[in-house]
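Source file: upload_39.tsv (TSV, C-alpha atoms and all ligand atoms)
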chain	number	residue	atom	x	y	z
A	1	MET	CA	27.95	20.66	12.47
A	2	PHE	CA	28.13	23.15	9.59
A	3	ASP	CA	29.09	25.92	12.01
A	4	SER	CA	30.57	28.23	9.42
A	5	LEU	CA	27.65	27.88	6.99
A	6	SER	CA	25.24	28.32	9.83
A	7	ASP	CA	26.93	31.52	11.03
A	8	ARG	CA	27.13	33.03	7.56
A	9	LEU	CA	23.52	32.26	6.70
A	10	GLN	CA	22.34	33.71	9.96
A	11	ALA	CA	24.44	36.83	9.38
A	12	ALA	CA	23.04	37.16	5.86
A	13	LEU	CA	19.50	36.93	7.17
A	14	SER	CA	19.91	38.97	10.35
A	15	ASP	CA	19.53	42.24	8.45
A	16	VAL	CA	16.25	41.30	6.74
A	17	ARG	CA	15.00	39.59	9.86
A	18	SER	CA	15.17	42.73	11.97
A	19	ARG	CA	13.65	45.12	9.42
A	20	GLY	CA	10.11	46.35	9.72
A	21	ALA	CA	9.75	46.87	5.96
A	22	LEU	CA	11.54	45.23	3.05
A	23	THR	CA	12.07	46.11	-0.58
A	24	GLU	CA	12.93	43.78	-3.41
A	25	GLU	CA	16.49	45.16	-3.33
A	26	ASP	CA	16.84	44.16	0.33
A	27	VAL	CA	15.90	40.62	-0.58
A	28	THR	CA	18.29	40.59	-3.56
A	29	LYS	CA	21.11	41.85	-1.36
A	30	ALA	CA	20.49	39.21	1.30
A	31	MET	CA	20.29	36.51	-1.37
A	32	ARG	CA	23.68	37.55	-2.71
A	33	GLN	CA	25.13	36.87	0.74
A	34	VAL	CA	23.22	33.61	1.05
A	35	ARG	CA	24.60	32.58	-2.33
A	36	LEU	CA	28.19	33.29	-1.22
A	37	ALA	CA	27.65	31.41	2.04
A	38	LEU	CA	26.41	28.35	0.18
A	39	LEU	CA	29.21	28.42	-2.39
A	40	GLU	CA	31.76	28.73	0.38
A	41	ALA	CA	30.19	25.69	2.07
A	42	ASP	CA	30.97	23.76	-1.13
A	43	VAL	CA	27.37	23.41	-2.25
A	44	ASN	CA	27.03	22.46	-5.92
A	45	PHE	CA	26.87	25.55	-8.14
A	46	GLN	CA	23.68	24.50	-9.94
A	47	VAL	CA	22.01	23.75	-6.63
A	48	VAL	CA	22.95	27.18	-5.29
A	49	LYS	CA	21.55	28.85	-8.39
A	50	ALA	CA	18.28	26.97	-8.27
A	51	PHE	CA	18.00	27.60	-4.53
A	52	THR	CA	18.58	31.36	-4.62
A	53	ASN	CA	16.28	31.75	-7.63
A	54	ALA	CA	13.50	29.88	-5.87
A	55	VAL	CA	13.91	31.92	-2.69
A	56	LYS	CA	14.11	35.22	-4.57
A	57	GLU	CA	10.98	34.43	-6.55
A	58	ARG	CA	8.94	33.45	-3.53
A	59	ALA	CA	10.33	36.18	-1.25
A	60	SER	CA	9.85	39.03	-3.70
A	61	GLY	CA	6.13	38.41	-4.02
A	62	ALA	CA	3.59	40.80	-2.53
A	63	GLU	CA	2.40	38.39	0.15
A	64	VAL	CA	5.90	38.33	1.64
A	65	LEU	CA	7.00	41.94	1.15
A	66	GLU	CA	3.66	43.39	2.25
A	67	ALA	CA	3.24	41.04	5.16
A	68	LEU	CA	3.20	42.35	8.71
A	69	ASN	CA	6.63	40.85	9.41
A	70	PRO	CA	8.33	40.53	6.00
A	71	GLY	CA	11.77	39.68	7.46
A	72	GLN	CA	10.47	36.61	9.23
A	73	GLN	CA	8.59	35.59	6.11
A	74	VAL	CA	11.83	35.68	4.10
A	75	VAL	CA	13.56	33.54	6.73
A	76	LYS	CA	10.62	31.13	6.53
A	77	VAL	CA	11.00	30.91	2.74
A	78	VAL	CA	14.73	30.18	3.13
A	79	GLN	CA	13.92	27.52	5.71
A	80	ASP	CA	11.32	25.89	3.44
A	81	GLU	CA	13.63	25.87	0.44
A	82	LEU	CA	16.56	24.49	2.47
A	83	THR	CA	14.30	21.70	3.66
A	84	GLU	CA	13.18	21.10	0.09
A	85	ILE	CA	16.67	20.79	-1.43
A	86	MET	CA	17.67	18.32	1.28
A	87	GLY	CA	14.74	16.07	0.40
A	88	GLY	CA	11.56	17.57	1.88
A	89	SER	CA	9.75	15.30	4.26
A	90	GLY	CA	12.55	12.75	4.70
A	91	ARG	CA	12.52	9.05	3.99
A	92	ASP	CA	12.96	5.80	5.85
A	93	LEU	CA	14.12	2.32	4.88
A	94	THR	CA	11.68	0.01	3.14
A	95	PHE	CA	10.84	-2.88	5.47
A	96	VAL	CA	9.13	-6.09	4.40
A	97	PRO	CA	6.80	-7.04	7.25
A	98	GLY	CA	7.14	-10.62	8.43
A	99	LYS	CA	10.04	-11.35	6.07
A	100	LEU	CA	13.76	-10.70	5.87
A	101	THR	CA	14.55	-7.16	4.75
A	102	VAL	CA	17.88	-7.00	2.91
A	103	VAL	CA	20.01	-3.84	2.91
A	104	LEU	CA	23.03	-3.63	0.62
A	105	MET	CA	25.74	-1.15	1.63
A	106	ALA	CA	27.94	0.37	-1.08
A	107	GLY	CA	30.55	3.09	-1.23
A	108	LEU	CA	34.16	4.01	-1.88
A	109	GLN	CA	37.09	2.83	0.22
A	110	GLY	CA	37.15	4.42	3.66
A	111	SER	CA	33.79	6.14	3.21
A	112	GLY	CA	32.51	4.51	6.40
A	113	LYS	CA	30.56	1.46	5.11
A	114	THR	CA	31.60	-1.05	7.75
A	115	THR	CA	31.04	1.46	10.55
A	116	ALA	CA	27.66	2.35	9.03
A	117	CYS	CA	26.65	-1.36	8.90
A	118	ALA	CA	27.22	-1.69	12.63
A	119	LYS	CA	25.61	1.66	13.45
A	120	LEU	CA	22.55	0.87	11.37
A	121	ALA	CA	22.33	-2.56	13.00
A	122	ARG	CA	22.41	-1.00	16.45
A	123	HIS	CA	19.91	1.66	15.44
A	124	LEU	CA	17.44	-0.89	14.04
A	125	ARG	CA	17.84	-3.11	17.07
A	126	GLU	CA	17.52	-0.40	19.70
A	127	GLU	CA	15.03	1.94	18.06
A	128	HIS	CA	12.91	-0.52	16.15
A	129	GLY	CA	13.38	-3.75	18.09
A	130	LYS	CA	14.63	-5.59	14.99
A	131	SER	CA	16.96	-8.58	15.06
A	132	VAL	CA	19.78	-7.92	12.65
A	133	GLY	CA	22.48	-9.89	10.83
A	134	ILE	CA	25.44	-8.49	8.90
A	135	ALA	CA	27.15	-10.28	5.99
A	136	ALA	CA	30.93	-9.85	5.69
A	137	CYS	CA	31.44	-9.58	1.94
A	138	ASP	CA	34.62	-7.50	1.94
A	139	VAL	CA	37.16	-10.27	1.35
A	140	TYR	CA	39.87	-8.08	-0.20
A	141	ARG	CA	41.20	-6.29	2.85
A	142	PRO	CA	42.55	-8.89	5.33
A	143	ALA	CA	41.41	-7.00	8.43
A	144	ALA	CA	37.96	-6.16	7.06
A	145	VAL	CA	36.24	-9.31	8.30
A	146	ASP	CA	37.78	-9.00	11.78
A	147	GLN	CA	36.71	-5.36	11.95
A	148	LEU	CA	33.14	-6.27	11.07
A	149	VAL	CA	33.07	-9.18	13.53
A	150	LYS	CA	34.09	-6.79	16.29
A	151	VAL	CA	31.81	-3.84	15.54
A	152	GLY	CA	28.95	-6.17	14.61
A	153	ALA	CA	29.18	-7.87	18.00
A	154	ASP	CA	29.29	-4.49	19.75
A	155	ALA	CA	26.11	-3.59	17.89
A	156	GLY	CA	24.39	-6.80	18.99
A	157	ALA	CA	24.15	-8.21	15.47
A	158	SER	CA	25.03	-11.69	14.18
A	159	VAL	CA	27.91	-11.48	11.73
A	160	TYR	CA	27.88	-14.01	8.89
A	161	GLN	CA	31.40	-14.52	7.61
A	162	GLN	CA	33.48	-17.09	5.74
A	163	GLY	CA	36.87	-15.48	6.12
A	164	THR	CA	38.62	-13.92	3.15
A	165	ASP	CA	38.97	-16.92	0.83
A	166	ALA	CA	35.38	-17.25	-0.29
A	167	ASP	CA	33.70	-15.36	-3.11
A	168	PRO	CA	31.81	-12.26	-1.91
A	169	VAL	CA	28.77	-13.01	-4.06
A	170	ALA	CA	28.57	-16.53	-2.65
A	171	ILE	CA	28.93	-15.23	0.92
A	172	ALA	CA	26.12	-12.74	0.36
A	173	GLU	CA	23.78	-15.41	-0.96
A	174	TRP	CA	24.68	-17.80	1.86
A	175	ALA	CA	24.18	-15.07	4.46
A	176	VAL	CA	20.64	-14.39	3.19
A	177	GLY	CA	19.87	-18.08	3.78
A	178	GLU	CA	21.43	-18.01	7.26
A	179	ALA	CA	19.56	-14.84	8.23
A	180	LYS	CA	16.27	-16.37	7.09
A	181	ARG	CA	17.02	-19.59	8.96
A	182	GLU	CA	17.71	-17.59	12.13
A	183	ASN	CA	14.55	-15.54	11.62
A	184	LYS	CA	16.32	-12.20	11.41
A	185	ASP	CA	14.27	-9.15	10.52
A	186	VAL	CA	17.07	-7.42	8.65
A	187	LEU	CA	20.29	-8.46	6.90
A	188	ILE	CA	22.85	-5.76	6.12
A	189	ILE	CA	25.47	-6.66	3.51
A	190	ASP	CA	28.88	-4.99	3.94
A	191	THR	CA	30.85	-4.78	0.71
A	192	SER	CA	34.40	-3.89	-0.21
A	193	GLY	CA	35.39	-0.39	-1.25
A	194	ARG	CA	37.53	0.81	-4.12
A	195	LEU	CA	39.51	3.99	-4.50
A	196	HIS	CA	37.43	5.02	-7.48
A	197	VAL	CA	34.12	4.07	-8.99
A	198	ASP	CA	35.42	1.33	-11.29
A	199	ALA	CA	33.89	-1.35	-13.50
A	200	GLU	CA	34.99	-4.20	-11.24
A	201	LEU	CA	33.28	-2.71	-8.19
A	202	MET	CA	30.10	-2.08	-10.12
A	203	GLU	CA	30.08	-5.59	-11.52
A	204	GLU	CA	30.50	-7.15	-8.09
A	205	LEU	CA	27.72	-4.98	-6.68
A	206	ALA	CA	25.48	-5.90	-9.59
A	207	LYS	CA	26.10	-9.60	-8.98
A	208	ILE	CA	25.43	-9.38	-5.23
A	209	ARG	CA	22.33	-7.43	-6.04
A	210	LYS	CA	21.07	-9.97	-8.53
A	211	ARG	CA	21.54	-12.87	-6.11
A	212	THR	CA	20.27	-11.23	-2.92
A	213	LYS	CA	17.55	-8.91	-4.28
A	214	PRO	CA	18.04	-6.20	-1.64
A	215	HIS	CA	15.04	-4.10	-0.67
A	216	ASN	CA	17.32	-1.15	0.03
A	217	VAL	CA	20.63	-0.25	-1.56
A	218	LEU	CA	22.37	2.44	0.47
A	219	LEU	CA	25.35	4.45	-0.67
A	220	VAL	CA	27.73	5.68	2.03
A	221	VAL	CA	29.42	8.97	1.18
A	222	ASP	CA	31.96	10.89	3.21
A	223	ALA	CA	30.56	14.34	3.97
A	224	MET	CA	34.04	15.73	4.61
A	225	THR	CA	34.87	15.41	0.93
A	226	GLY	CA	32.14	17.91	-0.02
A	227	GLN	CA	31.72	18.21	-3.79
A	228	ASP	CA	33.65	14.97	-4.31
A	229	ALA	CA	31.07	13.10	-2.27
A	230	VAL	CA	28.40	14.43	-4.58
A	231	ASN	CA	30.40	13.46	-7.67
A	232	VAL	CA	30.83	9.94	-6.32
A	233	ALA	CA	27.10	9.70	-5.65
A	234	GLU	CA	26.39	10.94	-9.15
A	235	ALA	CA	28.75	8.35	-10.65
A	236	PHE	CA	27.09	5.59	-8.63
A	237	ALA	CA	23.64	6.84	-9.61
A	238	GLY	CA	24.67	6.60	-13.26
A	239	THR	CA	25.86	3.00	-13.16
A	240	ALA	CA	24.46	1.24	-10.12
A	241	ASN	CA	21.06	2.26	-8.93
A	242	PHE	CA	20.77	3.01	-5.23
A	243	ASP	CA	17.83	4.06	-3.09
A	244	GLY	CA	19.30	6.39	-0.54
A	245	VAL	CA	22.42	7.84	1.02
A	246	ILE	CA	24.11	7.53	4.38
A	247	LEU	CA	26.14	10.66	4.94
A	248	SER	CA	29.14	9.82	7.11
A	249	LYS	CA	31.63	11.95	9.06
A	250	LEU	CA	29.27	14.84	9.58
A	251	ASP	CA	31.04	15.47	12.88
A	252	GLY	CA	34.28	16.57	11.26
A	253	ASP	CA	34.72	19.90	9.58
A	254	ALA	CA	32.22	19.00	6.89
A	255	ARG	CA	31.08	22.31	5.47
A	256	GLY	CA	27.61	21.27	4.41
A	257	GLY	CA	28.15	20.98	0.66
A	258	ALA	CA	27.41	17.26	0.50
A	259	ALA	CA	24.34	17.40	2.72
A	260	LEU	CA	22.84	20.24	0.71
A	261	SER	CA	23.70	18.95	-2.77
A	262	VAL	CA	23.33	15.16	-2.79
A	263	LYS	CA	19.54	15.00	-3.10
A	264	ALA	CA	19.30	17.77	-5.69
A	265	VAL	CA	22.09	16.33	-7.86
A	266	THR	CA	21.30	12.61	-7.67
A	267	GLY	CA	17.59	12.64	-6.85
A	268	LYS	CA	18.29	10.20	-3.99
A	269	PRO	CA	17.39	11.13	-0.43
A	270	ILE	CA	19.74	11.07	2.56
A	271	LEU	CA	18.34	8.52	5.00
A	272	TYR	CA	20.88	8.60	7.80
A	273	ALA	CA	23.66	10.78	9.12
A	274	SER	CA	26.74	9.36	10.79
A	275	THR	CA	28.18	11.84	13.24
A	276	GLY	CA	31.13	10.22	14.99
A	277	GLU	CA	33.20	7.08	15.45
A	278	LYS	CA	31.06	5.52	18.17
A	279	LEU	CA	28.06	3.29	17.46
A	280	PRO	CA	25.38	5.63	18.84
A	281	ASP	CA	26.70	8.53	16.71
A	282	PHE	CA	24.07	7.86	14.08
A	283	GLU	CA	20.68	9.37	13.41
A	284	ARG	CA	17.84	9.51	10.91
A	285	PHE	CA	18.31	12.43	8.57
A	286	HIS	CA	15.37	14.81	8.74
A	287	PRO	CA	15.71	17.63	6.17
A	288	ASP	CA	13.33	19.91	8.08
A	289	ARG	CA	15.20	19.52	11.35
A	290	MET	CA	18.55	19.96	9.60
A	291	ALA	CA	17.34	23.20	7.99
A	292	GLN	CA	16.27	24.47	11.41
A	293	ARG	CA	19.65	23.61	12.89
A	294	ILE	CA	21.51	25.32	10.05
A	295	LEU	CA	19.43	28.46	10.53
A	296	GLY	CA	20.15	28.47	14.26
A	297	MET	CA	16.55	27.71	15.18
A	298	GLY	CA	17.52	24.64	17.18
A	299	ASP	CA	15.96	21.23	16.79
A	300	VAL	CA	13.32	20.75	19.44
A	301	ALA	CA	11.97	17.53	17.90
A	302	THR	CA	15.32	15.70	18.15
A	303	LEU	CA	15.94	17.14	21.60
A	304	ALA	CA	12.59	15.83	22.81
A	305	GLU	CA	13.33	12.37	21.34
A	306	LYS	CA	16.71	12.25	23.03
A	307	ALA	CA	15.21	13.34	26.34
A	308	GLN	CA	12.50	10.72	26.10
A	309	LYS	CA	15.07	8.01	25.46
A	310	GLY	CA	17.43	9.15	28.23
A	311	PHE	CA	14.80	9.50	30.94
A	312	ASP	CA	13.13	6.85	32.94
A	313	GLU	CA	9.44	7.52	33.58
A	314	ASP	CA	9.33	5.73	36.91
A	315	LYS	CA	12.33	7.69	38.12
A	316	ALA	CA	10.70	10.92	36.98
A	317	ALA	CA	7.54	10.12	38.98
A	318	ASP	CA	9.65	9.23	42.00
A	319	LEU	CA	11.54	12.48	41.62
A	320	GLU	CA	8.36	14.50	41.48
A	321	ARG	CA	7.19	12.88	44.70
A	322	LYS	CA	10.53	13.66	46.39
A	323	ILE	CA	10.47	17.28	45.32
A	324	ARG	CA	6.89	17.67	46.60
A	325	LYS	CA	7.87	16.19	49.96
A	326	GLN	CA	11.14	18.13	50.04
A	327	GLU	CA	13.19	14.93	50.10
A	328	PHE	CA	15.34	15.80	47.07
A	329	GLY	CA	18.96	15.15	48.13
A	330	PHE	CA	22.43	15.13	46.59
A	331	ASP	CA	22.08	11.55	45.36
A	332	ASP	CA	18.97	12.56	43.45
A	333	PHE	CA	20.82	15.53	42.01
A	334	LEU	CA	23.65	13.24	40.88
A	335	ASP	CA	21.11	10.94	39.31
A	336	GLN	CA	19.67	13.88	37.39
A	337	LEU	CA	23.09	14.86	36.07
A	338	LYS	CA	23.67	11.27	34.94
A	339	GLN	CA	20.39	11.24	33.07
A	340	VAL	CA	21.29	14.46	31.29
A	341	ARG	CA	24.70	13.02	30.38
A	342	ARG	CA	23.00	10.08	28.70
A	343	MET	CA	21.67	12.52	26.11
A	344	GLY	CA	25.21	13.11	24.81
A	345	PRO	CA	27.64	16.02	24.99
A	346	LEU	CA	26.14	19.18	26.50
A	347	GLN	CA	27.42	21.22	23.57
A	348	ASN	CA	25.27	19.17	21.18
A	349	ILE	CA	22.20	19.46	23.38
A	350	LEU	CA	22.52	23.22	23.70
A	351	LYS	CA	22.81	23.54	19.92
A	352	MET	CA	19.39	21.96	19.56
A	353	MET	CA	17.84	24.66	21.70
A	354	PRO	CA	16.33	27.52	19.73
A	355	GLY	CA	18.43	30.68	20.00
A	356	LEU	CA	21.62	28.99	21.18
A	357	SER	CA	24.21	28.53	18.47
A	358	GLY	CA	27.49	26.73	19.15
A	359	GLN	CA	29.43	29.99	18.80
A	360	GLN	CA	27.76	31.58	21.78
A	361	LEU	CA	28.79	28.87	24.20
A	401	LIG	N1	34.70	10.88	12.76
A	401	LIG	C1	34.04	9.92	12.10
A	401	LIG	N2	34.73	8.86	11.66
A	401	LIG	C2	34.05	7.90	11.01
A	401	LIG	C3	32.65	7.98	10.78
A	401	LIG	N3	32.28	6.87	10.09
A	401	LIG	C4	33.41	6.14	9.91
A	401	LIG	N4	34.49	6.76	10.47
A	401	LIG	C5	35.89	6.32	10.47
A	401	LIG	O1	36.34	6.26	9.13
A	401	LIG	C6	37.25	5.18	8.97
A	401	LIG	C7	36.78	4.27	7.84
A	401	LIG	O2	35.56	3.67	8.23
A	401	LIG	P1	35.10	2.23	7.72
A	401	LIG	O3	33.75	2.00	8.24
A	401	LIG	O4	36.14	1.22	8.00
A	401	LIG	O5	35.05	2.54	6.15
A	401	LIG	P2	34.78	1.51	4.97
A	401	LIG	O6	33.99	2.24	3.94
A	401	LIG	O7	34.21	0.25	5.48
A	401	LIG	O8	36.26	1.28	4.44
A	401	LIG	P3	36.79	0.09	3.49
A	401	LIG	O9	36.26	-1.18	4.05
A	401	LIG	O10	38.28	0.19	3.56
A	401	LIG	O11	36.27	0.38	2.12
A	401	LIG	C8	37.31	4.49	10.31
A	401	LIG	O12	38.45	4.92	10.99
A	401	LIG	C9	36.05	4.94	11.03
A	401	LIG	O13	36.22	4.95	12.42
A	401	LIG	C10	31.95	9.14	11.26
A	401	LIG	O14	30.74	9.32	11.10
A	401	LIG	N5	32.71	10.07	11.91
A	402	MG	MG	34.77	-1.73	5.25

If you convert what's in this file into structure tokens, what do you get?
Amino acid sequence: MFDSLSDRLQAALSDVRSRGALTEEDVTKAMRQVRLALLEADVNFQVVKAFTNAVKERASGAEVLEALNPGQQVVKVVQDELTEIMGGSGRDLTFVPGKLTVVLMAGLQGSGKTTACAKLARHLREEHGKSVGIAACDVYRPAAVDQLVKVGADAGASVYQQGTDADPVAIAEWAVGEAKRENKDVLIIDTSGRLHVDAELMEELAKIRKRTKPHNVLLVVDAMTGQDAVNVAEAFAGTANFDGVILSKLDGDARGGAALSVKAVTGKPILYASTGEKLPDFERFHPDRMAQRILGMGDVATLAEKAQKGFDEDKAADLERKIRKQEFGFDDFLDQLKQVRRMGPLQNILKMMPGLSGQQL
């Protein structure tokens, strides 16, 4: 993820990081490289300007330059500001306790809405123990309903559909009733995409919104399209209000532009990141952790969460006992390897470890 940006930022900062003393010129020079790295990663020009100005201002102050380890202080300032432009402390969905929470999914054609509906459903079910329904309101593409029925079932969600002949607004309203009747915790509404942000799409979204009163409207944007993704989000923000963004296709050669610009340009936070075609390739977006990953500091918090999920406590206790009694055999070793594999590709795990960037592997 963002390998090129990550490498260039680290290279730009490696000089200041290793210095014992820093002058204002050193900081200015490093910021020039940081600026180029960000522009090359397709980060919005205004965002880059605001970012480098903020870093320069904070890093040129006496408390940084005269600190015992000024280089590390500068890196810390860059880390803080990166976290800040991506949304600071991060945000979650709004849930209505004891009632049905409705999530409306919007976005352009092919941005990854239907996939995101299923991934979010799985995430809410597995991580939060929620029962989830998905409404099939894309009636324009013949295969759209079938696609949702399949991925929805894989995600363990009930899919509410009426084929492709019914009116999407009516389906949405009916699905809310069905989800309530079946005591679901969450209903996710999948909608149709358009090639461009057009009046028809906005009108349909507005109608669905009026009838279903969603607690969360999420916009799915394709991270691979960089600046375009940000422009789409800006266009949506201007006409249809939304609460947060799901950034999809972060696994491809997305350069980072969308992730770093969306919040600053639209004012809306990124809630989730979609990082592959499979259902589990989906995670909460934490700006602080993302900043750490980009700066090659690893992401110990996510690593620990993954480990906790992949490991079985009883097995761990059993293992400890075996090791103490010297009964650890090949079967146990195989079991260990399987547990590690459950955490995902080794490459991804190693990247979360501080000091190990993908390039070194
Ligand atoms: N690599 C990768 N592919 C993704 C991701 N999310 C979605 N895709 C793929 O992108 C394509 C489009 O995804 P959909 O979920 O169908 O997109 P959509 O927005 O529902 O598309 P329409 O219904 O046509 O508007 C599919 O081939 C997905 O498998 C992702 O995070 N990574
Ligand atoms: Mg779709």

d(CA of Ile208 in chain A, CA of Ile189 in chain A) in Å: 9.2 Å

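Neighbours of ligand LIG 401 (chain A) at a cut-off of 6 Å, computed so that all atoms listed in the file are counted, are the residues Leu108, Gln109, Gly110, Ser111, Gly112, Lys113, Thr114, Thr115, Ser192, Gly193, Ser248, Lys249, Leu250, Asp251, Gly252, Ser274, Thr275, Gly276 and Glu277 of chain A.
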
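Here CA of Asp92 in chain A stands at a distance of 10.1 Å from CA of Asn216 in chain A.
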
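Interatomic distance, CA of Cys137 in chain A against CA of Pro168 in chain A: 4.7 Å.
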
Selected residue of minimal separation from ligand MG 402 (chain A) among A:His215, A:Lys278, A:Arg194, A:Arg209, counting only C-alpha atoms and all ligand atoms: A:Arg194

Residues within 12 Å of Ala223 in chain A, all atoms listed in the file, excluding chain neighbours under 4 positions, as an NGL selection string: :A and (1-2 or 41-43 or 110-112 or 227-233 or 245-262 or 270 or 272-276)

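Here the question is which of A:Leu22, A:Ala54, A:Leu219, A:Ala37 gets nearest to Asp7 in chain A using all atoms listed in the file, and that residue is A:Ala37.
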
Spatial sel., origin (27.1, -17.3, 3.4), limit 9 Å, all atoms listed in the file, listed as JSON, numbers by chain: {"A": [135, 136, 137, 160, 161, 162, 168, 169, 170, 171, 172, 173, 174, 175, 176, 177, 178]}

With a distance cut-off of 7 Å and only C-alpha atoms, select the neighbouring residues of range 286-290 of chain A, excluding the residue or stretch itself and same-chain residues fewer than 3 positions from it, and output the selection as a compact mmCIF listing (two decimals) with C-alpha atoms, in the coordinates of the input.
# COMPACT_ATOMS: atom_id res chain seq x y z
CA THR A 83 14.30 21.70 3.66
CA MET A 86 17.67 18.32 1.28
CA GLY A 87 14.74 16.07 0.40
CA GLY A 88 11.56 17.57 1.88
CA SER A 89 9.75 15.30 4.26
CA GLY A 90 12.55 12.75 4.70
CA ARG A 293 19.65 23.61 12.89
CA ILE A 294 21.51 25.32 10.05
CA ASP A 299 15.96 21.23 16.79

Nearby residues (all atoms listed in the file) at most 10 Å from range 12-19 of chain A, same-chain spacing under 4 positions excluded, as a PyMOL selection string: chain A and resi 6-8+23+26-27+29-37+69-75+78+295

As JSON: centre and edge lengths in Å, one decimal, of the axis-aligned box holding range 177-193 of chain A with 5 Å per side:
{"center_x": 24.8, "center_y": -10.0, "center_z": 5.4, "size_x": 31.1, "size_y": 29.2, "size_z": 23.4}

All residues 10 Å or closer to range 312-320 of chain A, all atoms listed in the file, same chain fewer than 6 positions away omitted, as a ChimeraX atom specification: /A:326-328,332-333,335-336,339

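Closest approach to ligand MG 402 (chain A) among A:Val102, A:Ala143, A:Ala67, A:Ala21: A:Ala143, based on only C-alpha atoms and all ligand atoms.
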
Top pick for closest residue to Gly20 in chain A, considering A:Arg122, A:Asp146, A:Leu65, A:Phe45 and counting all atoms listed in the file: A:Leu65

For ligand MG 402 (chain A), the nearest of the candidates A:Lys49, A:Arg141, A:Lys99, A:Lys130, counting all atoms listed in the file: A:Arg141

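Comparing A:Ala155, A:Val217, A:Met352, A:Met105 by their smallest distance to Leu279 in chain A, the closest is A:Ala155 (using all atoms listed in the file).
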
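If you count only C-alpha atoms and ignore residues fewer than 6 places along the chain from Leu187 in chain A, what sits within 6 Å of it is Val102, Val132, Gly133 and Ile134 of chain A.
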
Fill-in result for range 221-232 of chain A, N, CA and C atoms as a compact mmCIF listing (two decimals), in the frame of the given file:
# COMPACT_ATOMS: atom_id res chain seq x y z
N VAL A 221 28.47 7.97 1.68
CA VAL A 221 29.42 8.97 1.18
C VAL A 221 29.96 9.81 2.33
N ASP A 222 31.23 10.16 2.18
CA ASP A 222 31.96 10.89 3.21
C ASP A 222 31.67 12.39 3.07
N ALA A 223 30.97 12.94 4.05
CA ALA A 223 30.56 14.34 3.97
C ALA A 223 31.74 15.30 3.96
N MET A 224 32.88 14.83 4.53
CA MET A 224 34.04 15.73 4.61
C MET A 224 34.61 16.03 3.24
N THR A 225 34.30 15.18 2.25
CA THR A 225 34.87 15.41 0.93
C THR A 225 34.01 16.35 0.08
N GLY A 226 32.95 16.88 0.64
CA GLY A 226 32.14 17.91 -0.02
C GLY A 226 31.69 17.57 -1.43
N GLN A 227 32.11 18.39 -2.38
CA GLN A 227 31.72 18.21 -3.79
C GLN A 227 32.07 16.82 -4.31
N ASP A 228 33.23 16.29 -3.86
CA ASP A 228 33.65 14.97 -4.31
C ASP A 228 32.63 13.92 -3.93
N ALA A 229 32.09 14.04 -2.75
CA ALA A 229 31.07 13.10 -2.27
C ALA A 229 29.88 13.11 -3.23
N VAL A 230 29.54 14.30 -3.68
CA VAL A 230 28.40 14.43 -4.58
C VAL A 230 28.74 13.83 -5.94
N ASN A 231 29.99 14.05 -6.40
CA ASN A 231 30.40 13.46 -7.67
C ASN A 231 30.38 11.94 -7.62
N VAL A 232 30.84 11.40 -6.49
CA VAL A 232 30.83 9.94 -6.32
C VAL A 232 29.39 9.43 -6.39
